[in-house]
file final_31.cif (mmCIF, C-alpha atoms and all ligand atoms)
data_my_file
#
loop_
_atom_site.label_atom_id
_atom_site.label_comp_id
_atom_site.auth_asym_id
_atom_site.auth_seq_id
_atom_site.Cartn_x
_atom_site.Cartn_y
_atom_site.Cartn_z
CA MET A 1 114.26 -58.18 -36.67
CA TYR A 2 112.86 -57.51 -40.13
CA ASN A 3 110.67 -60.57 -39.86
CA THR A 4 109.27 -59.51 -36.51
CA ILE A 5 108.36 -56.08 -37.79
CA TRP A 6 106.79 -57.57 -40.92
CA TYR A 7 104.83 -60.01 -38.81
CA LYS A 8 103.60 -57.23 -36.55
CA ILE A 9 102.54 -55.05 -39.45
CA ARG A 10 100.82 -57.97 -41.09
CA SER A 11 98.93 -59.13 -38.02
CA ASN A 12 97.81 -55.58 -37.34
CA GLU A 13 96.50 -55.27 -40.86
CA MET A 14 94.79 -58.64 -40.53
CA LYS A 15 92.73 -57.32 -37.67
CA ASP A 16 91.23 -54.70 -39.89
CA SER A 17 89.13 -56.06 -42.69
CA PRO A 18 89.40 -54.01 -45.87
CA PHE A 19 85.69 -54.58 -46.38
CA ASN A 20 82.96 -52.76 -44.58
CA TYR A 21 79.19 -52.96 -44.47
CA GLY A 22 76.56 -51.70 -42.08
CA THR A 23 77.61 -48.08 -42.08
CA THR A 24 78.21 -45.58 -44.83
CA VAL A 25 81.64 -46.14 -46.32
CA SER A 26 84.42 -43.70 -47.07
CA GLY A 27 88.14 -43.65 -47.74
CA HIS A 28 89.62 -46.95 -48.87
CA CYS A 29 86.24 -48.71 -48.45
CA PHE A 30 84.62 -46.51 -51.09
CA THR A 31 85.04 -47.58 -54.67
CA ASP A 32 84.29 -46.22 -58.10
CA ARG A 33 81.27 -43.92 -58.45
CA ARG A 34 83.59 -41.52 -60.28
CA SER A 35 80.96 -40.21 -62.67
CA GLU A 36 78.25 -40.03 -59.97
CA THR A 37 80.63 -38.25 -57.60
CA ALA A 38 81.56 -35.72 -60.28
CA LYS A 39 77.95 -35.16 -61.29
CA LEU A 40 76.63 -34.73 -57.76
CA ARG A 41 79.48 -32.42 -56.84
CA SER A 42 78.89 -30.29 -59.90
CA ASN A 43 75.12 -30.16 -59.31
CA LEU A 44 75.47 -29.17 -55.67
CA LEU A 45 78.07 -26.50 -56.37
CA ASN A 46 76.05 -25.08 -59.24
CA GLY A 47 72.79 -24.69 -57.39
CA ILE A 48 71.00 -27.66 -58.96
CA ASN A 49 68.79 -29.39 -56.41
CA THR A 50 69.28 -33.13 -56.69
CA THR A 51 67.24 -36.14 -55.68
CA ILE A 52 68.95 -39.51 -55.48
CA ILE A 53 66.87 -42.63 -55.83
CA SER A 54 67.99 -46.25 -55.71
CA PRO A 55 66.90 -49.46 -54.03
CA ARG A 56 68.09 -50.03 -50.49
CA ARG A 57 71.77 -50.23 -49.67
CA TRP A 58 73.18 -49.46 -53.06
CA GLY A 59 75.18 -46.54 -51.70
CA LYS A 60 73.19 -43.28 -51.68
CA SER A 61 74.29 -42.09 -48.22
CA SER A 62 77.91 -43.08 -48.86
CA LEU A 63 77.93 -41.18 -52.13
CA VAL A 64 76.53 -38.02 -50.55
CA GLU A 65 78.97 -38.21 -47.62
CA ARG A 66 81.84 -38.65 -50.01
CA VAL A 67 80.88 -35.61 -52.08
CA ILE A 68 80.16 -33.45 -49.03
CA THR A 69 83.48 -34.35 -47.39
CA ASP A 70 85.20 -33.38 -50.58
CA ILE A 71 83.29 -30.09 -50.85
CA ASN A 72 84.09 -29.28 -47.21
CA GLU A 73 87.79 -29.64 -47.99
CA THR A 74 87.87 -27.52 -51.09
CA GLU A 75 85.05 -24.97 -50.95
CA LYS A 76 85.73 -22.55 -48.16
CA ASN A 77 82.73 -20.37 -48.92
CA THR A 78 80.20 -23.20 -48.74
CA ARG A 79 78.61 -24.65 -45.61
CA THR A 80 77.10 -28.11 -45.70
CA ALA A 81 74.67 -30.04 -43.53
CA ILE A 82 73.63 -33.68 -43.70
CA ILE A 83 70.43 -34.33 -41.76
CA ASP A 84 69.16 -37.87 -41.27
CA LEU A 85 65.38 -37.90 -40.97
CA PHE A 86 65.19 -41.58 -40.05
CA SER A 87 63.93 -41.00 -36.52
CA VAL A 88 62.11 -37.72 -37.04
CA GLY A 89 58.43 -38.36 -36.39
CA SER A 90 56.53 -35.11 -36.79
CA GLU A 91 56.60 -31.73 -38.51
CA GLU A 92 57.66 -30.00 -35.27
CA GLU A 93 60.50 -32.44 -34.71
CA PHE A 94 61.62 -31.96 -38.27
CA LEU A 95 61.64 -28.17 -37.93
CA GLU A 96 63.62 -28.26 -34.68
CA SER A 97 66.11 -30.71 -36.02
CA PHE A 98 66.43 -28.76 -39.29
CA ALA A 99 67.03 -25.48 -37.43
CA ARG A 100 69.55 -27.06 -35.06
CA GLU A 101 71.60 -28.69 -37.81
CA ILE A 102 71.58 -25.63 -40.03
CA ILE A 103 72.76 -23.44 -37.17
CA LYS A 104 75.48 -25.94 -36.30
CA ALA A 105 76.62 -26.11 -39.91
CA SER A 106 76.68 -22.35 -40.28
CA SER A 107 79.76 -21.83 -38.14
CA SER A 108 82.53 -23.83 -36.52
CA LYS A 109 82.24 -21.68 -33.38
CA TRP A 110 79.56 -22.61 -30.90
CA GLU A 111 79.49 -19.03 -29.64
CA ASP A 112 78.04 -18.12 -33.06
CA TRP A 113 75.34 -20.74 -32.67
CA MET A 114 74.19 -19.18 -29.45
CA SER A 115 73.82 -15.75 -31.04
CA SER A 116 71.98 -17.11 -34.08
CA GLY A 117 68.62 -17.04 -32.25
CA ARG A 118 68.97 -13.27 -32.07
CA ASP A 119 70.53 -12.78 -35.49
CA PHE A 120 68.47 -14.99 -37.80
CA PHE A 121 64.93 -15.15 -36.44
CA ASN A 122 62.33 -12.39 -36.41
CA ARG A 123 59.10 -13.75 -35.03
CA LEU A 124 60.33 -17.00 -33.55
CA ILE A 125 62.38 -17.08 -30.38
CA PRO A 126 64.30 -20.34 -30.18
CA LYS A 127 65.44 -21.62 -26.82
CA LEU A 128 69.10 -22.55 -27.17
CA SER A 129 71.25 -24.40 -24.70
CA ILE A 130 74.55 -26.23 -24.57
CA GLY A 131 75.84 -28.94 -22.30
CA SER A 132 79.34 -29.79 -21.11
CA ASP A 133 80.48 -30.48 -24.67
CA PRO A 134 78.98 -27.67 -26.78
CA TYR A 135 79.66 -29.54 -30.02
CA THR A 136 77.55 -32.57 -29.13
CA ASP A 137 75.15 -31.12 -26.56
CA PHE A 138 73.68 -28.21 -28.48
CA MET A 139 69.89 -28.12 -28.05
CA LEU A 140 67.25 -25.99 -29.66
CA SER A 141 63.51 -25.80 -29.13
CA PHE A 142 60.58 -23.58 -30.00
CA SER A 143 57.18 -22.94 -28.54
CA TRP A 144 55.10 -25.24 -30.71
CA ASP A 145 52.24 -22.80 -31.17
CA GLU A 146 54.63 -20.18 -32.45
CA LEU A 147 56.40 -22.72 -34.61
CA LYS A 148 53.21 -23.77 -36.33
CA LYS A 149 52.44 -20.17 -37.29
CA ASN A 150 55.97 -19.27 -38.37
CA SER A 151 57.43 -22.45 -39.79
CA ASP A 152 58.58 -20.53 -42.88
CA GLU A 153 61.23 -18.81 -40.73
CA VAL A 154 62.79 -22.20 -40.07
CA LEU A 155 62.39 -23.41 -43.63
CA ASN A 156 64.08 -20.24 -44.88
CA LEU A 157 66.85 -20.34 -42.27
CA PRO A 158 69.67 -21.60 -44.54
CA GLU A 159 68.87 -18.89 -47.11
CA THR A 160 68.69 -16.21 -44.41
CA ILE A 161 72.05 -17.25 -42.94
CA ALA A 162 73.69 -17.67 -46.35
CA ARG A 163 72.65 -14.18 -47.46
CA SER A 164 73.64 -12.50 -44.25
CA LYS A 165 77.08 -14.15 -44.22
CA GLY A 166 77.71 -14.05 -47.95
CA ILE A 167 78.13 -17.81 -48.16
CA ARG A 168 76.42 -20.74 -49.90
CA PHE A 169 74.65 -23.63 -48.23
CA ILE A 170 74.21 -27.23 -49.28
CA VAL A 171 71.55 -29.07 -47.31
CA CYS A 172 71.31 -32.86 -47.63
CA LEU A 173 68.28 -34.65 -46.23
CA ASP A 174 68.63 -38.42 -45.88
CA GLU A 175 65.56 -40.70 -45.55
CA PHE A 176 63.52 -37.86 -46.98
CA GLN A 177 60.50 -40.11 -47.63
CA ASN A 178 60.02 -40.30 -43.86
CA LEU A 179 58.32 -36.92 -44.03
CA ALA A 180 55.49 -38.53 -45.97
CA SER A 181 54.39 -40.34 -42.81
CA PHE A 182 53.65 -37.06 -40.97
CA ASN A 183 50.06 -36.07 -40.28
CA ASP A 184 49.09 -33.44 -42.75
CA TYR A 185 52.04 -34.17 -45.01
CA PRO A 186 50.39 -32.90 -48.22
CA VAL A 187 50.10 -29.40 -46.72
CA PHE A 188 53.62 -29.52 -45.31
CA GLU A 189 55.02 -30.76 -48.61
CA LYS A 190 53.58 -27.70 -50.40
CA LYS A 191 55.07 -25.40 -47.75
CA LEU A 192 58.52 -26.99 -48.14
CA ARG A 193 58.49 -26.74 -51.87
CA ALA A 194 57.20 -23.16 -51.87
CA ALA A 195 59.96 -22.04 -49.49
CA TRP A 196 62.86 -23.96 -50.98
CA GLN A 197 62.24 -23.18 -54.60
CA ARG A 198 62.85 -19.49 -53.87
CA HIS A 199 66.25 -20.08 -52.31
CA LYS A 200 69.10 -18.68 -54.36
CA SER A 201 72.03 -19.47 -52.06
CA VAL A 202 71.00 -22.95 -50.94
CA THR A 203 71.11 -26.22 -52.84
CA TYR A 204 69.19 -29.24 -51.66
CA CYS A 205 70.10 -32.89 -51.98
CA LEU A 206 67.21 -35.17 -51.07
CA TYR A 207 67.48 -38.94 -50.94
CA GLY A 208 66.02 -41.93 -49.17
CA SER A 209 65.84 -45.67 -49.07
CA LYS A 210 62.18 -46.29 -49.89
CA CYS A 211 62.51 -46.33 -53.63
CA HIS A 212 58.84 -46.36 -54.56
CA MET A 213 57.97 -43.58 -52.06
CA MET A 214 60.77 -41.38 -53.32
CA THR A 215 59.62 -41.95 -56.87
CA ASN A 216 56.10 -41.01 -55.89
CA ILE A 217 57.23 -37.78 -54.21
CA PHE A 218 59.56 -36.60 -56.97
CA ASN A 219 58.36 -38.16 -60.18
CA ASN A 220 54.64 -37.60 -59.95
CA PRO A 221 53.41 -34.58 -61.95
CA ALA A 222 50.55 -34.13 -59.48
CA LYS A 223 52.92 -33.61 -56.53
CA PRO A 224 54.65 -30.38 -55.38
CA PHE A 225 58.18 -31.82 -55.61
CA TYR A 226 57.79 -32.80 -59.25
CA ARG A 227 60.66 -31.19 -61.21
CA PHE A 228 62.23 -29.83 -58.03
CA GLY A 229 65.62 -30.59 -59.54
CA ASP A 230 67.72 -33.24 -61.12
CA ILE A 231 66.82 -36.86 -60.38
CA MET A 232 69.78 -39.23 -60.19
CA LEU A 233 68.78 -42.86 -60.44
CA LEU A 234 71.82 -44.39 -58.81
CA GLN A 235 73.02 -47.51 -60.61
CA LYS A 236 74.93 -50.48 -59.28
CA ILE A 237 78.72 -50.38 -59.21
CA GLU A 238 80.08 -52.28 -62.22
CA THR A 239 81.55 -55.77 -61.99
CA LYS A 240 85.02 -54.75 -63.14
CA GLU A 241 85.21 -52.09 -60.42
CA TRP A 242 84.16 -54.58 -57.78
CA VAL A 243 86.74 -57.14 -58.93
CA ASP A 244 89.55 -54.56 -58.74
CA PHE A 245 88.28 -53.33 -55.38
CA ILE A 246 88.12 -56.84 -53.90
CA ARG A 247 91.52 -57.84 -55.22
CA SER A 248 93.19 -54.71 -53.93
CA GLY A 249 91.53 -55.18 -50.51
CA PHE A 250 93.08 -58.64 -50.31
CA VAL A 251 96.51 -57.51 -51.50
CA LYS A 252 96.61 -54.57 -49.06
CA THR A 253 96.12 -56.98 -46.18
CA GLY A 254 98.66 -59.57 -47.30
CA LYS A 255 96.19 -62.02 -48.91
CA GLN A 256 95.32 -62.95 -52.44
CA ILE A 257 92.34 -63.67 -54.62
CA ASP A 258 92.65 -64.19 -58.37
CA GLU A 259 90.44 -62.44 -60.88
CA LYS A 260 88.26 -65.46 -61.66
CA THR A 261 87.54 -66.18 -58.01
CA ALA A 262 86.95 -62.51 -57.14
CA LEU A 263 84.49 -62.28 -60.01
CA GLU A 264 82.19 -64.78 -58.30
CA ILE A 265 81.47 -62.33 -55.46
CA PRO A 266 79.72 -59.58 -57.48
CA LEU A 267 78.15 -62.26 -59.69
CA LEU A 268 76.57 -64.04 -56.73
CA MET A 269 75.46 -60.79 -55.12
CA LYS A 270 74.32 -59.20 -58.39
CA ASN A 271 76.63 -56.23 -57.73
CA HIS A 272 74.55 -55.14 -54.73
CA SER A 273 76.91 -52.82 -52.79
CA TRP A 274 76.15 -53.94 -49.26
CA TYR A 275 76.17 -57.65 -50.07
CA VAL A 276 79.32 -57.51 -52.19
CA GLN A 277 81.09 -55.95 -49.20
CA GLN A 278 79.57 -58.45 -46.78
CA LEU A 279 80.46 -61.49 -48.87
CA SER A 280 83.93 -60.11 -49.56
CA HIS A 281 84.45 -59.68 -45.84
CA TYR A 282 83.43 -63.27 -45.07
CA VAL A 283 85.64 -64.64 -47.85
CA TRP A 284 88.54 -62.50 -46.66
CA ASN A 285 88.02 -63.66 -43.09
CA LEU A 286 88.05 -67.33 -44.05
CA THR A 287 91.09 -66.98 -46.28
CA GLU A 288 94.50 -67.63 -44.84
CA PHE A 289 96.62 -66.84 -47.90
CA LYS A 290 94.73 -67.25 -51.15
CA ALA A 291 90.97 -67.42 -51.59
CA THR A 292 89.49 -70.31 -53.58
CA TYR A 293 85.98 -71.47 -54.42
CA ILE A 294 85.98 -73.38 -51.12
CA GLU A 295 86.16 -70.12 -49.15
CA ILE A 296 83.56 -68.51 -51.43
CA ASN A 297 81.15 -71.37 -50.83
CA SER A 298 81.61 -71.34 -47.06
CA ALA A 299 81.35 -67.55 -46.96
CA LEU A 300 78.13 -67.64 -48.95
CA LYS A 301 76.62 -70.15 -46.52
CA GLU A 302 77.73 -67.98 -43.62
CA LEU A 303 76.17 -64.89 -45.19
CA ILE A 304 72.87 -66.62 -45.85
CA ASN A 305 72.81 -68.08 -42.34
CA ALA A 306 73.52 -64.70 -40.80
CA ASN A 307 70.62 -63.15 -42.69
CA THR A 308 68.15 -66.05 -42.41
CA PRO A 309 66.15 -64.67 -39.43
CA LEU A 310 65.55 -61.52 -41.45
CA TYR A 311 64.39 -63.43 -44.50
CA GLN A 312 62.11 -65.63 -42.39
CA LYS A 313 60.52 -62.53 -40.97
CA GLU A 314 60.15 -61.07 -44.43
CA THR A 315 58.17 -64.10 -45.62
CA GLU A 316 56.11 -64.29 -42.44
CA ASN A 317 54.87 -60.79 -43.13
CA ILE A 318 53.38 -61.54 -46.52
CA SER A 319 50.25 -63.43 -47.53
CA GLN A 320 50.14 -66.84 -49.17
CA THR A 321 49.24 -65.47 -52.61
CA GLN A 322 52.02 -62.88 -52.37
CA LEU A 323 54.40 -65.72 -51.58
CA TYR A 324 53.15 -67.57 -54.68
CA LEU A 325 53.75 -64.46 -56.73
CA LEU A 326 57.33 -64.32 -55.41
CA LYS A 327 57.73 -67.91 -56.55
CA ALA A 328 56.63 -66.93 -60.04
CA VAL A 329 59.09 -64.03 -60.02
CA VAL A 330 61.95 -66.24 -58.91
CA LYS A 331 61.14 -68.65 -61.72
CA GLY A 332 61.52 -65.82 -64.20
CA GLU A 333 57.86 -65.57 -65.18
CA THR A 334 56.83 -62.23 -66.67
CA GLN A 335 53.23 -62.76 -67.82
CA PHE A 336 51.67 -63.04 -64.36
CA THR A 337 48.12 -62.59 -65.58
CA SER A 338 48.29 -65.21 -68.31
CA ALA A 339 45.93 -68.07 -67.51
CA ALA A 340 48.75 -70.64 -67.52
CA VAL A 341 50.95 -68.71 -65.06
CA MET A 342 48.06 -67.83 -62.75
CA GLN A 343 47.07 -71.47 -62.60
CA LYS A 344 50.56 -72.90 -62.25
CA TYR A 345 51.42 -70.69 -59.25
CA ALA A 346 47.88 -70.38 -57.82
CA LEU A 347 47.97 -66.59 -58.14
CA GLY A 348 44.20 -66.05 -57.97
CA THR A 349 42.47 -63.56 -60.24
CA PRO A 350 44.17 -60.85 -62.36
CA ARG A 351 42.94 -58.37 -59.74
CA ASN A 352 44.73 -60.35 -57.00
CA VAL A 353 47.86 -60.41 -59.11
CA SER A 354 47.99 -56.68 -59.68
CA LYS A 355 47.16 -55.93 -56.04
CA ASN A 356 49.85 -58.30 -54.80
CA LYS A 357 52.38 -57.01 -57.29
CA ALA A 358 51.79 -53.48 -55.99
CA ILE A 359 52.19 -54.65 -52.38
CA LEU A 360 55.47 -56.44 -53.11
CA VAL A 361 56.82 -53.45 -55.02
CA ASN A 362 55.70 -51.01 -52.31
CA SER A 363 57.42 -53.05 -49.65
CA ASP A 364 60.58 -53.01 -51.79
CA LEU A 365 60.73 -56.79 -52.13
CA ILE A 366 60.66 -56.77 -55.92
CA HIS A 367 61.34 -54.11 -58.50
CA ASP A 368 60.76 -53.58 -62.13
CA ILE A 369 63.86 -53.97 -64.27
CA ASP A 370 63.59 -53.84 -68.06
CA SER A 371 59.90 -54.75 -67.92
CA ALA A 372 60.56 -57.87 -65.85
CA PHE A 373 60.50 -58.21 -62.08
CA GLU A 374 63.48 -59.03 -59.94
CA PHE A 375 64.08 -59.52 -56.22
CA VAL A 376 65.53 -56.33 -54.74
CA ASP A 377 67.65 -58.40 -52.35
CA PRO A 378 69.93 -60.89 -54.15
CA ALA A 379 70.78 -62.93 -51.04
CA PHE A 380 67.12 -63.17 -50.07
CA GLU A 381 66.52 -64.56 -53.55
CA LEU A 382 69.17 -67.26 -53.02
CA TRP A 383 67.65 -68.15 -49.65
CA PHE A 384 64.17 -68.19 -51.17
CA LYS A 385 65.24 -70.55 -53.97
CA LYS A 386 66.75 -72.94 -51.46
CA GLN A 387 63.80 -72.70 -49.10
CA TYR A 388 61.00 -73.17 -51.59
CA PHE A 389 62.61 -75.00 -54.50
CA ASN A 390 65.48 -76.68 -52.72
CA GLN A 391 67.74 -75.05 -55.25
CA THR A 392 71.23 -75.06 -53.84
CA TYR A 393 73.23 -71.85 -53.74
CA SER A 394 76.69 -73.36 -53.86
CA PHE A 395 78.22 -73.55 -57.32
N1 LIG B 401 80.94 -46.57 -53.29
C1 LIG B 401 80.94 -47.68 -52.55
N2 LIG B 401 82.01 -48.50 -52.55
C2 LIG B 401 82.02 -49.63 -51.83
N3 LIG B 401 81.01 -50.04 -51.06
C3 LIG B 401 79.91 -49.28 -51.01
C4 LIG B 401 79.82 -48.05 -51.74
N4 LIG B 401 78.62 -47.51 -51.49
C5 LIG B 401 77.99 -48.35 -50.63
N5 LIG B 401 78.76 -49.42 -50.34
C6 LIG B 401 78.39 -50.56 -49.47
O1 LIG B 401 76.97 -50.60 -49.37
C7 LIG B 401 76.56 -50.40 -48.00
C8 LIG B 401 75.34 -49.51 -47.98
O2 LIG B 401 75.70 -48.20 -48.35
P1 LIG B 401 74.84 -46.92 -47.98
O3 LIG B 401 74.41 -46.99 -46.57
O4 LIG B 401 75.61 -45.74 -48.46
O5 LIG B 401 73.60 -47.19 -48.97
P2 LIG B 401 72.18 -46.49 -49.01
O6 LIG B 401 71.73 -46.60 -50.43
O7 LIG B 401 72.24 -45.16 -48.39
O8 LIG B 401 71.35 -47.50 -48.09
P3 LIG B 401 69.88 -47.30 -47.46
O9 LIG B 401 68.97 -47.43 -48.64
O10 LIG B 401 69.72 -48.44 -46.49
O11 LIG B 401 69.85 -45.94 -46.85
C9 LIG B 401 77.76 -49.80 -47.30
O12 LIG B 401 77.77 -50.17 -45.92
C10 LIG B 401 78.91 -50.44 -48.04
O13 LIG B 401 79.13 -51.75 -47.56
MG MG B 402 71.16 -44.40 -46.73
#

call {"tool": "encode", "arguments": {"input": "final_31.cif", "output": "structure tokens"}}
result
Amino acid sequence: MYNTIWYKIRSNEMKDSPFNYGTTVSGHCFTDRRSETAKLRSNLLNGINTTIISPRRWGKSSLVERVITDINETEKNTRTAIIDLFSVGSEEEFLESFAREIIKASSSKWEDWMSSGRDFFNRLIPKLSIGSDPYTDFMLSFSWDELKKNSDEVLNLPETIARSKGIRFIVCLDEFQNLASFNDYPVFEKKLRAAWQRHKSVTYCLYGSKCHMMTNIFNNPAKPFYRFGDIMLLQKIETKEWVDFIRSGFVKTGKQIDEKTALEIPLLMKNHSWYVQQLSHYVWNLTEFKATYIEINSALKELINANTPLYQKETENISQTQLYLLKAVVKGETQFTSAAVMQKYALGTPRNVSKNKAILVNSDLIHDIDSAFEFVDPAFELWFKKQYFNQTYSF
């Protein structure tokens, strides 16, 4: 009897991998980030606008979700909204989506949403409608002519609602750099900044996955969003935290991995959040009882194979001299414009080098770390070494 129950529990647990990648993570899949969580929470509750910048898939969205979930549980006088701008393609779309999400976040009752058009707008008259499930089918639209003239009413909406209800608002905008692709963005950017900097009851958290674009929006003294608030440059999760996280994931699901073996996972993936979770998942999946280097090696091959089409595409999209520059980066060169390096890797002229460097940085393929360049994607780097230098990635 006992054995049967144990077996059932164990096989149920086995179905659910303790590792997760591809979506934002929370709960038992979220590790560490104690100081970042505390800092972001404190900023957002104390009215300090915060921008989070990091290379792709290090954990910005997960961090914000974690902090917002926590704030929703403890701060009854604060309303929060997380708005993903990934698929928002124009200023009008942004304003409609912003208004809709702010109204939804302002109350848990959909009846309140419907009256908000009357209560919180003066010149604009939003068209509001709900479908069979009010909570998922709430729609809002404006006459676009009117919207263009009165966009400040939408931009000020969270402040208007917060003041009228005596509450505070925290508004998080994910993939913020997407706005920079709008026609007329420079004008819009000034409007946003002018409206938001006057808000006393709203705190903004702005973040996005195009590192160089975010840096250009927020860290450029010539731009309106310069000094908008605190800039958090999110770091990687430390090796020790990953090792503990991986080991506990194995133990929780009735498997084992010793410290030395677990250590190889963050080492191979250079502590990159997404890839550490992906490799951990593959190792976990291949392990029956206790993981060894054999499982790590097979899992690594599986991970590289799974991502190969992506990496092939990545290299197809760049020019020959950019590819040569990547080769120089992978070989650890730092003086790209020295005559010897330019000749060895056929990099062209110093002008070519600096142009290509900018292109590779702008497309987030390489980034500047301690005055040297590094691949942003650690698994792409392993694939690249194998592909172009036949350097094996097993160890
Ligand atoms: N705190 C964390 N603990 C464990 N794993 C994490 C953590 N944060 C992120 N990850 C892993 O990294 C992956 C990417 O996380 P997330 O989507 O939050 O990153 P992001 O920086 O917002 O990415 P993007 O730049 O693509 O928007 C997650 O799916 C998860 O596997
Ligand atoms: Mg994200």

call {"tool": "residues_around", "arguments": {"input": "final_31.cif", "residues": "stretch 231-245 of chain A", "least_positions_apart": "4", "cutoff": "9 Å", "atoms": "all atoms listed in the file", "output": "PyMOL selection string"}}
result
chain A and resi 29-33+36+40+49-55+58-60+218-219+227+249-250+259-260+262-267+270-273+276

call {"tool": "write_last_selection", "arguments": {"input": "final_31.cif", "atoms": "C-alpha atoms", "output": "short mmCIF file (atom, residue, chain, number, x, y, z; two decimals), in the frame of the given file"}}
result
data_model
loop_
_atom_site.label_atom_id
_atom_site.label_comp_id
_atom_site.auth_asym_id
_atom_site.auth_seq_id
_atom_site.Cartn_x
_atom_site.Cartn_y
_atom_site.Cartn_z
CA CYS A 29 86.24 -48.71 -48.45
CA PHE A 30 84.62 -46.51 -51.09
CA THR A 31 85.04 -47.58 -54.67
CA ASP A 32 84.29 -46.22 -58.10
CA ARG A 33 81.27 -43.92 -58.45
CA GLU A 36 78.25 -40.03 -59.97
CA LEU A 40 76.63 -34.73 -57.76
CA ASN A 49 68.79 -29.39 -56.41
CA THR A 50 69.28 -33.13 -56.69
CA THR A 51 67.24 -36.14 -55.68
CA ILE A 52 68.95 -39.51 -55.48
CA ILE A 53 66.87 -42.63 -55.83
CA SER A 54 67.99 -46.25 -55.71
CA PRO A 55 66.90 -49.46 -54.03
CA TRP A 58 73.18 -49.46 -53.06
CA GLY A 59 75.18 -46.54 -51.70
CA LYS A 60 73.19 -43.28 -51.68
CA PHE A 218 59.56 -36.60 -56.97
CA ASN A 219 58.36 -38.16 -60.18
CA ARG A 227 60.66 -31.19 -61.21
CA GLY A 249 91.53 -55.18 -50.51
CA PHE A 250 93.08 -58.64 -50.31
CA GLU A 259 90.44 -62.44 -60.88
CA LYS A 260 88.26 -65.46 -61.66
CA ALA A 262 86.95 -62.51 -57.14
CA LEU A 263 84.49 -62.28 -60.01
CA GLU A 264 82.19 -64.78 -58.30
CA ILE A 265 81.47 -62.33 -55.46
CA PRO A 266 79.72 -59.58 -57.48
CA LEU A 267 78.15 -62.26 -59.69
CA LYS A 270 74.32 -59.20 -58.39
CA ASN A 271 76.63 -56.23 -57.73
CA HIS A 272 74.55 -55.14 -54.73
CA SER A 273 76.91 -52.82 -52.79
CA VAL A 276 79.32 -57.51 -52.19
#

call {"tool": "axis_aligned_box", "arguments": {"input": "final_31.cif", "around": "stretch 163-179 of chain A", "padding_each_side": "8 Å", "output": "AutoDock Vina command-line options"}}
result
--center_x 68.2 --center_y -26.6 --center_z -46.9 --size_x 35.8 --size_y 44.2 --size_z 22.0

call {"tool": "closest_atom_pairs", "arguments": {"input": "final_31.cif", "of": "stretch 321-364 of chain A", "to": "stretch 196-213 of chain A", "cutoff": "9 Å", "atoms": "all atoms listed in the file", "output": "tab-separated table"}}
result
residue	atom	partner	partner_atom	distance
A:Val361	CA	A:His212	CA	7.4
A:Asn362	CA	A:His212	CA	6.0
A:Ser363	CA	A:Lys210	CA	8.3
A:Asp364	CA	A:Lys210	CA	7.2

call {"tool": "closest_residue", "arguments": {"input": "final_31.cif", "among": "A:Lys39, A:Ser164, A:Gly47, A:Thr69", "to": "A:Ser26", "atoms": "only C-alpha atoms"}}
result
A:Thr69

call {"tool": "residues_near_point", "arguments": {"input": "final_31.cif", "point": "(83.7, -23.1, -45.6)", "cutoff": "12 Å", "atoms": "only C-alpha atoms", "output": "short mmCIF file (atom, residue, chain, number, x, y, z; two decimals) with C-alpha atoms, in the coordinates of the input"}}
result
data_model
loop_
_atom_site.label_atom_id
_atom_site.label_comp_id
_atom_site.auth_asym_id
_atom_site.auth_seq_id
_atom_site.Cartn_x
_atom_site.Cartn_y
_atom_site.Cartn_z
CA ILE A 68 80.16 -33.45 -49.03
CA THR A 69 83.48 -34.35 -47.39
CA ASP A 70 85.20 -33.38 -50.58
CA ILE A 71 83.29 -30.09 -50.85
CA ASN A 72 84.09 -29.28 -47.21
CA GLU A 73 87.79 -29.64 -47.99
CA THR A 74 87.87 -27.52 -51.09
CA GLU A 75 85.05 -24.97 -50.95
CA LYS A 76 85.73 -22.55 -48.16
CA ASN A 77 82.73 -20.37 -48.92
CA THR A 78 80.20 -23.20 -48.74
CA ARG A 79 78.61 -24.65 -45.61
CA THR A 80 77.10 -28.11 -45.70
CA ALA A 81 74.67 -30.04 -43.53
CA ALA A 105 76.62 -26.11 -39.91
CA SER A 106 76.68 -22.35 -40.28
CA SER A 107 79.76 -21.83 -38.14
CA SER A 108 82.53 -23.83 -36.52
CA ALA A 162 73.69 -17.67 -46.35
CA LYS A 165 77.08 -14.15 -44.22
CA GLY A 166 77.71 -14.05 -47.95
CA ILE A 167 78.13 -17.81 -48.16
CA ARG A 168 76.42 -20.74 -49.90
CA PHE A 169 74.65 -23.63 -48.23
CA ILE A 170 74.21 -27.23 -49.28
#

call {"tool": "closest_residue", "arguments": {"input": "final_31.cif", "among": "A:Lys148, A:Arg66, A:Arg123, A:Arg57", "to": "A:Glu93", "atoms": "only C-alpha atoms"}}
result
A:Lys148

call {"tool": "atom_distance", "arguments": {"input": "final_31.cif", "atom1": "atom CA of A:His28", "atom2": "atom CA of A:Ser298"}}
result
25.7 Å

call {"tool": "closest_residue", "arguments": {"input": "final_31.cif", "among": "A:Thr287, A:Gln322, A:Thr334, A:Ser42", "to": "A:Val67", "atoms": "only C-alpha atoms"}}
result
A:Ser42

call {"tool": "closest_residue", "arguments": {"input": "final_31.cif", "among": "A:Trp383, A:Trp274, A:Tyr345, A:Phe120", "to": "ligand LIG 401 (chain B)", "atoms": "only C-alpha atoms and all ligand atoms"}}
result
A:Trp274
